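Asker: Pasting a structure below so you can have a look.
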Amino acid sequence: MTEFSVLDLVPVREGGSLAEAYRAAASLARVAEEAGYKRFWVAEHHAMEGIGGAAAAVVIGHVGQATSTIRIGAGGIMLPNHTPFTIAEQFGTLDALFPGRIDLGLGRAPGAGPELQRALRKDLRAASEYFPQDVAELRALFTGKPDLGVKATPGYGAQVEMWMLGSSLFGAQLAAKLGLPYAFASHFAPDHLDAALAVYRRDFQPSETLDRPHAMAAMQVVCADTDEEAEYLASSQAQSFVRLRTGSPGKLPPPVRGYRDSLPPQAQAMLTHLGQASAVGSPATVRERIGSFIERTQADEIICAASTYDPEARERSLRLTMDALNAG
């Protein structure tokens, strides 16, 4: 049976503040917990004024204080930005605070230009080449196997559920080799989804923590009473995608009716392409589109993304989505 989770980019909206965004994240996590979603993930992004998850471990702690049972974690931590030892300490701390609830999704993409590389004091391109070794080192810091001669405290012995993230075949191959669950970022990079899932399942090698493949796929999901209202709410996210792809990212803008129709053909085509992994509409529409996506991918888990300008509209979207799925 397919499980459902939530990915939150902690959007900062136009006219809003970071403090408001963090309050909204905690409230959204409570709604997700009440509605029956399995996990609530925060993504690490840097130097983007419209996304508040840069210090992902801190935000996860904030969400943890607001909830009690839902799994919480990072979807994901971009490991080239850090050392494995530092991440072991951070997530070991989270595991001690919220035992049995912490997930650690790991990504390889540096996601940074020269200015950010200088600010982080990292050669991110070189660091990304060591990603497989860093993942293995991080797992060893949690498990003590092999003994690295130094113990992360906190970190050693922490029961953190490690995940591999990806948007290409590389992450799928590494997840299969290490016997880790795998999450594909199809909500913004759908091109290699089917091939990556096939490689992951074909090459999967059981590990001490996972005996068979477990694949998650991400979707943009916005649910409202009608298709028209959902498209209107989703136009804030659509505007953000267009602005990001044209080099002018910013805070999350208010929705605009008929936004797609106002765009040039190239931008419309881009949004249509991303729509391969989306479900925007009424409860019936969302149920049908998620069902078709699951039939196509055979995903063990779907993680629902998408931001709305009104935080309460996103909370309602989560409730309507889960109600629709349960009704199906």
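Within each chain, counting starts at residue 1; across the structure tokens, chains are named A, B, ... in the order shown, with ligands numbered 1 upward in that order.
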Need to verify the contact set: Val280 (chain A), 8 Å, only C-alpha atoms, exclusion of same-chain residues closer than 3 positions in sequence. Can you return it as a list in words?
Answerer: Gln220, Val221, Val222, Cys223, Asp227, Ala230, Glu231, Ala234, Thr285 and Val286 of chain A
Asker: Per residue of region 124-153 of chain A within 10 Å of region 162-167 of chain A, which atom pair is closest and at what distance in Å (one decimal), using only C-alpha atoms, listed by chain and increasing number, as a tab-separated table?
Answerer:
```
residue	atom	partner	partner_atom	distance
A:Val135	CA	A:Met164	CA	9.1
A:Leu138	CA	A:Met162	CA	9.5
A:Arg139	CA	A:Met162	CA	8.0
```
Asker: Name the residues of region 11-150 of chain A that fall into strand (DSSP E or B) according to DSSP on the backbone, using the chain letters and numbers of this document, as a PyMOL selection string.
Answerer: chain A and resi 11+13+39-42+51+71-78+102-107
Asker: For those residues, write C-alpha atoms to a file as a PDB file, in the first residue's frame.
Answerer:
```pdb
ATOM      1  CA  PRO A  11       8.384  29.301   1.538  1.00  0.00           C
ATOM      2  CA  ARG A  13       6.045  34.882   0.700  1.00  0.00           C
ATOM      3  CA  ARG A  39       6.839  12.007   7.253  1.00  0.00           C
ATOM      4  CA  PHE A  40       7.491  15.734   6.983  1.00  0.00           C
ATOM      5  CA  TRP A  41      10.718  16.754   5.273  1.00  0.00           C
ATOM      6  CA  VAL A  42      12.513  20.093   4.972  1.00  0.00           C
ATOM      7  CA  ILE A  51      13.099  29.570   0.882  1.00  0.00           C
ATOM      8  CA  ARG A  71       8.597  11.259  11.116  1.00  0.00           C
ATOM      9  CA  ILE A  72      10.625  14.426  10.465  1.00  0.00           C
ATOM     10  CA  GLY A  73      13.803  15.031   8.567  1.00  0.00           C
ATOM     11  CA  ALA A  74      15.719  16.443   5.650  1.00  0.00           C
ATOM     12  CA  GLY A  75      14.791  15.977   2.038  1.00  0.00           C
ATOM     13  CA  GLY A  76      17.533  16.700   1.859  1.00  0.00           C
ATOM     14  CA  ILE A  77      20.908  17.682   3.174  1.00  0.00           C
ATOM     15  CA  MET A  78      23.347  18.529   0.374  1.00  0.00           C
ATOM     16  CA  ILE A 102      14.452  11.256  12.305  1.00  0.00           C
ATOM     17  CA  ASP A 103      15.106  10.827   8.565  1.00  0.00           C
ATOM     18  CA  LEU A 104      18.242  12.009   6.785  1.00  0.00           C
ATOM     19  CA  GLY A 105      17.929  12.350   3.023  1.00  0.00           C
ATOM     20  CA  LEU A 106      21.257  12.998   1.305  1.00  0.00           C
ATOM     21  CA  GLY A 107      21.839  14.752  -1.999  1.00  0.00           C
TER      22      GLY A 107
END
```
Asker: Just the residues within 10 Å of Leu180 (chain A), please, counting only C-alpha atoms, with nothing from its chain fewer than 6 positions along; format it as a list of chain:residue names.
Answerer: A:Glu161, A:Met162, A:Trp163, A:Met164, A:Leu165, A:Ala172, A:Leu174, A:Tyr200, A:Phe204, A:Gln205, A:Pro206, A:Ser207, A:Glu208, A:Thr209, A:Leu210, A:Asp211, A:Arg212, A:Pro213, A:His214, A:Ala215
Asker: Determine, counting only C-alpha atoms, which protein, DNA and RNA residues have an atom within 10 Å of an atom of Met270 (chain A); residues of the same chain fewer than 3 positions away are not included. Present the result as a ChimeraX atom specification.
Answerer: /A:238,241-242,245,265-267,273-275
Asker: Write out the residues from the selection above, keeping N, CA and C atoms, as a JSON list (two decimals), in the first residue's frame.
Answerer:
```
[["chain", "number", "residue", "atom", "x", "y", "z"],
["A", 238, "ALA", "N", 3.90, 28.15, -9.77],
["A", 238, "ALA", "CA", 4.25, 28.25, -11.18],
["A", 238, "ALA", "C", 5.07, 29.51, -11.46],
["A", 241, "PHE", "N", 8.61, 28.90, -10.31],
["A", 241, "PHE", "CA", 9.38, 28.07, -11.23],
["A", 241, "PHE", "C", 9.86, 28.90, -12.42],
["A", 242, "VAL", "N", 8.96, 29.69, -12.99],
["A", 242, "VAL", "CA", 9.33, 30.49, -14.16],
["A", 242, "VAL", "C", 10.42, 31.49, -13.79],
["A", 245, "ARG", "N", 13.77, 29.64, -13.34],
["A", 245, "ARG", "CA", 14.37, 29.17, -14.59],
["A", 245, "ARG", "C", 14.82, 30.33, -15.48],
["A", 265, "PRO", "N", 4.99, 30.76, -25.19],
["A", 265, "PRO", "CA", 4.94, 29.30, -25.40],
["A", 265, "PRO", "C", 6.06, 28.52, -24.71],
["A", 266, "GLN", "N", 7.27, 29.08, -24.68],
["A", 266, "GLN", "CA", 8.39, 28.36, -24.07],
["A", 266, "GLN", "C", 8.14, 28.13, -22.58],
["A", 267, "ALA", "N", 7.65, 29.15, -21.89],
["A", 267, "ALA", "CA", 7.39, 29.02, -20.46],
["A", 267, "ALA", "C", 6.21, 28.07, -20.21],
["A", 273, "HIS", "N", 5.85, 20.41, -18.96],
["A", 273, "HIS", "CA", 6.84, 19.35, -18.76],
["A", 273, "HIS", "C", 6.93, 18.98, -17.28],
["A", 274, "LEU", "N", 6.99, 19.96, -16.41],
["A", 274, "LEU", "CA", 7.05, 19.69, -14.97],
["A", 274, "LEU", "C", 5.76, 19.03, -14.49],
["A", 275, "GLY", "N", 4.67, 19.29, -15.21],
["A", 275, "GLY", "CA", 3.39, 18.74, -14.81],
["A", 275, "GLY", "C", 3.27, 17.24, -14.93]]
```
Asker: With distances taken over only C-alpha atoms, which of A:Pro80, A:Gly171, A:Gly16, A:Gly291 is nearest to Arg125 (chain A)?
Answerer: A:Pro80
